[in-house]
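Novice: The structure is given below, and queries will be raised subsequently.
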Amino acid sequence: MTPPMNEGVPRFRTGVGVDAHAFSVDHDRPMWLAGLLWPDEIGVEAHSDGDVAAHAICDALLSAAGLGDLGSNFGTARPEYRHASGSQLLAETLQLVSDANYMIANVTVQIIGNHPKIGSRRSEAVAAISEALGGADVSISATTTDGLGFTGEGLGIAAVASALIYSSF
């Protein structure tokens, strides 16, 4: 049985999202990560721009709101999302979450891979994701896997995100 909700007390929900992509064999494929173009990096194989940080955040938000996942909302069966930017997907996810009467309290994403190095562009990446999410609070961290797994072997990049949303309905 669900306990009664106190009127006016925010209802919090959390979600987790994960995304991973292999680096492209096409050296001309652009790298998009955390809403930014990384001009000296090779991009990833993907239906959209392959922004693993944006995709993981979308999945976390959609999960928290009970709205499915990236694939069920923007999947490969929808040709209009071919080459869609991570920023576009974040903005459209924000709209879905808002339409479900939730607001974003915070999102955080950890990027997992040997490159690109996030530190020098972290504040720029936070700003880009926050802007796409209507000014939401955003945290970004990065790590390597010390040579373990496909990210550690330099074959791809991954991201894990969490989201905290709330509603007072």
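So you can find residues: chains in the structure tokens are A, B, ... in the order shown, residues in each start at 1, and ligands are numbered from 1 in order.
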Run DSSP on the backbone of this structure and report the residues of chain A it assigns to helix (DSSP H, G or I), as a PyMOL selection string.
Specialist: chain A and resi 52-64+70-74+79-81+86-99+119-132+149-152
Novice: Include C-alpha atoms and write out the residues we just selected as a short mmCIF file (atom, residue, chain, number, x, y, z; two decimals), in the first residue's frame.
Specialist:
data_model
loop_
_atom_site.label_atom_id
_atom_site.label_comp_id
_atom_site.auth_asym_id
_atom_site.auth_seq_id
_atom_site.Cartn_x
_atom_site.Cartn_y
_atom_site.Cartn_z
CA VAL A 52 27.37 9.29 -24.14
CA ALA A 53 27.09 11.89 -21.36
CA ALA A 54 23.90 13.40 -22.79
CA HIS A 55 22.43 9.98 -23.54
CA ALA A 56 23.09 8.68 -20.02
CA ILE A 57 21.50 11.81 -18.52
CA CYS A 58 18.43 11.39 -20.77
CA ASP A 59 18.07 7.78 -19.64
CA ALA A 60 18.39 8.80 -15.98
CA LEU A 61 15.74 11.51 -16.33
CA LEU A 62 13.35 9.32 -18.30
CA SER A 63 13.79 6.51 -15.79
CA ALA A 64 13.15 8.81 -12.83
CA LEU A 70 16.28 6.74 -24.72
CA GLY A 71 15.50 3.92 -27.14
CA SER A 72 11.77 3.92 -26.51
CA ASN A 73 11.56 7.70 -26.95
CA PHE A 74 14.20 8.48 -29.61
CA PRO A 79 14.73 8.38 -38.63
CA GLU A 80 14.18 11.99 -37.55
CA TYR A 81 16.70 11.36 -34.76
CA GLY A 86 22.83 15.24 -27.47
CA SER A 87 21.69 18.77 -26.66
CA GLN A 88 18.52 18.26 -28.73
CA LEU A 89 17.80 14.97 -26.95
CA LEU A 90 18.37 16.62 -23.56
CA ALA A 91 15.98 19.46 -24.43
CA GLU A 92 13.32 17.04 -25.68
CA THR A 93 13.77 14.89 -22.57
CA LEU A 94 13.33 17.99 -20.40
CA GLN A 95 10.03 18.65 -22.19
CA LEU A 96 8.84 15.06 -21.59
CA VAL A 97 9.80 15.24 -17.91
CA SER A 98 8.11 18.65 -17.56
CA ASP A 99 4.98 17.38 -19.31
CA GLY A 119 39.11 18.66 -16.82
CA SER A 120 40.04 21.54 -19.09
CA ARG A 121 36.48 21.82 -20.46
CA ARG A 122 34.46 20.72 -17.44
CA SER A 123 32.88 24.12 -16.74
CA GLU A 124 32.02 24.54 -20.42
CA ALA A 125 30.43 21.07 -20.47
CA VAL A 126 28.43 21.76 -17.30
CA ALA A 127 27.14 24.99 -18.86
CA ALA A 128 26.18 23.26 -22.13
CA ILE A 129 24.23 20.49 -20.41
CA SER A 130 22.61 22.88 -17.95
CA GLU A 131 21.49 25.14 -20.78
CA ALA A 132 19.96 22.20 -22.67
CA GLY A 149 37.59 -3.23 -20.25
CA PHE A 150 36.79 -1.66 -23.61
CA THR A 151 37.12 1.89 -22.25
CA GLY A 152 40.46 1.13 -20.63
#
Novice: Which residues come within 9 Å of His21 (chain A), counting only C-alpha atoms, excluding same-chain residues fewer than 5 positions away, as a list in words?
Specialist: Val44, Glu45, Ala46, Gly50, Asp51, Val52, Leu155, Gly156, Ile157 and Ala158 of chain A
Novice: Leaving out region 106-114 of chain A and any residue of its chain fewer than 5 positions from it, which residues lie within 7 Å of it when counting only C-alpha atoms, given as a list in words?
Specialist: Ala53, Ile57, Ala136, Asp137, Val138, Ser139, Ile140, Ser141, Ala142, Thr143, Thr144, Thr145, Thr151, Gly152, Gly154, Ile157, Ala158, Ala159, Val160, Ala161, Ser162, Ala163 and Leu164 of chain A
Novice: Grab the residues selected above and save them as an mmCIF file, in the first residue's frame with N, CA and C atoms.
Specialist:
data_model
loop_
_atom_site.group_PDB
_atom_site.id
_atom_site.type_symbol
_atom_site.label_atom_id
_atom_site.label_comp_id
_atom_site.auth_asym_id
_atom_site.auth_seq_id
_atom_site.Cartn_x
_atom_site.Cartn_y
_atom_site.Cartn_z
ATOM 1 N N ALA A 53 27.482 11.159 -22.567
ATOM 2 C CA ALA A 53 27.085 11.892 -21.361
ATOM 3 C C ALA A 53 25.631 12.340 -21.471
ATOM 4 N N ILE A 57 22.348 10.880 -19.283
ATOM 5 C CA ILE A 57 21.495 11.805 -18.525
ATOM 6 C C ILE A 57 20.041 11.664 -18.967
ATOM 7 N N ALA A 136 19.133 23.576 -15.248
ATOM 8 C CA ALA A 136 19.234 22.602 -14.147
ATOM 9 C C ALA A 136 20.646 22.543 -13.578
ATOM 10 N N ASP A 137 20.723 22.151 -12.302
ATOM 11 C CA ASP A 137 22.020 21.911 -11.673
ATOM 12 C C ASP A 137 22.628 20.646 -12.271
ATOM 13 N N VAL A 138 23.895 20.739 -12.665
ATOM 14 C CA VAL A 138 24.591 19.642 -13.340
ATOM 15 C C VAL A 138 25.964 19.461 -12.712
ATOM 16 N N SER A 139 26.360 18.214 -12.519
ATOM 17 C CA SER A 139 27.708 17.873 -12.072
ATOM 18 C C SER A 139 28.305 16.892 -13.077
ATOM 19 N N ILE A 140 29.584 17.070 -13.379
ATOM 20 C CA ILE A 140 30.283 16.175 -14.312
ATOM 21 C C ILE A 140 31.587 15.736 -13.681
ATOM 22 N N SER A 141 31.829 14.438 -13.723
ATOM 23 C CA SER A 141 33.119 13.897 -13.309
ATOM 24 C C SER A 141 33.598 12.946 -14.400
ATOM 25 N N ALA A 142 34.833 12.532 -14.293
ATOM 26 C CA ALA A 142 35.404 11.615 -15.284
ATOM 27 C C ALA A 142 36.388 10.682 -14.596
ATOM 28 N N THR A 143 36.538 9.506 -15.201
ATOM 29 C CA THR A 143 37.479 8.528 -14.674
ATOM 30 C C THR A 143 37.963 7.638 -15.808
ATOM 31 N N THR A 144 39.046 6.977 -15.549
ATOM 32 C CA THR A 144 39.523 5.920 -16.451
ATOM 33 C C THR A 144 39.285 4.600 -15.739
ATOM 34 N N THR A 145 39.542 3.521 -16.412
ATOM 35 C CA THR A 145 39.383 2.218 -15.765
ATOM 36 C C THR A 145 40.731 1.510 -15.619
ATOM 37 N N THR A 151 36.738 0.486 -22.394
ATOM 38 C CA THR A 151 37.125 1.891 -22.245
ATOM 39 C C THR A 151 38.610 1.996 -21.885
ATOM 40 N N GLY A 152 39.060 1.127 -21.023
ATOM 41 C CA GLY A 152 40.461 1.135 -20.627
ATOM 42 C C GLY A 152 41.400 0.760 -21.750
ATOM 43 N N GLY A 154 40.891 1.654 -24.712
ATOM 44 C CA GLY A 154 40.810 2.728 -25.697
ATOM 45 C C GLY A 154 39.903 2.423 -26.879
ATOM 46 N N ILE A 157 33.985 4.722 -25.215
ATOM 47 C CA ILE A 157 33.738 5.625 -24.095
ATOM 48 C C ILE A 157 32.359 5.304 -23.525
ATOM 49 N N ALA A 158 32.183 5.558 -22.236
ATOM 50 C CA ALA A 158 30.918 5.262 -21.573
ATOM 51 C C ALA A 158 30.581 6.386 -20.595
ATOM 52 N N ALA A 159 29.363 6.365 -20.095
ATOM 53 C CA ALA A 159 28.941 7.328 -19.084
ATOM 54 C C ALA A 159 27.853 6.704 -18.226
ATOM 55 N N VAL A 160 27.852 7.096 -16.956
ATOM 56 C CA VAL A 160 26.824 6.691 -16.004
ATOM 57 C C VAL A 160 26.272 7.976 -15.399
ATOM 58 N N ALA A 161 24.947 8.085 -15.371
ATOM 59 C CA ALA A 161 24.318 9.305 -14.852
ATOM 60 C C ALA A 161 23.261 8.970 -13.824
ATOM 61 N N SER A 162 23.018 9.930 -12.953
ATOM 62 C CA SER A 162 21.878 9.831 -12.038
ATOM 63 C C SER A 162 21.121 11.150 -12.102
ATOM 64 N N ALA A 163 19.833 11.047 -11.825
ATOM 65 C CA ALA A 163 18.988 12.236 -11.850
ATOM 66 C C ALA A 163 18.090 12.238 -10.630
ATOM 67 N N LEU A 164 17.848 13.424 -10.102
ATOM 68 C CA LEU A 164 16.905 13.630 -9.027
ATOM 69 C C LEU A 164 15.863 14.617 -9.537
#
Novice: In Å, how far is it from CA of Leu37 (chain A) to CA of Gly15 (chain A)?
Specialist: 26.6 Å
Novice: Between CA of Ala65 (chain A) and CA of Asn101 (chain A), what is the distance in Å, rounded to a tenth?
Specialist: 8.9 Å
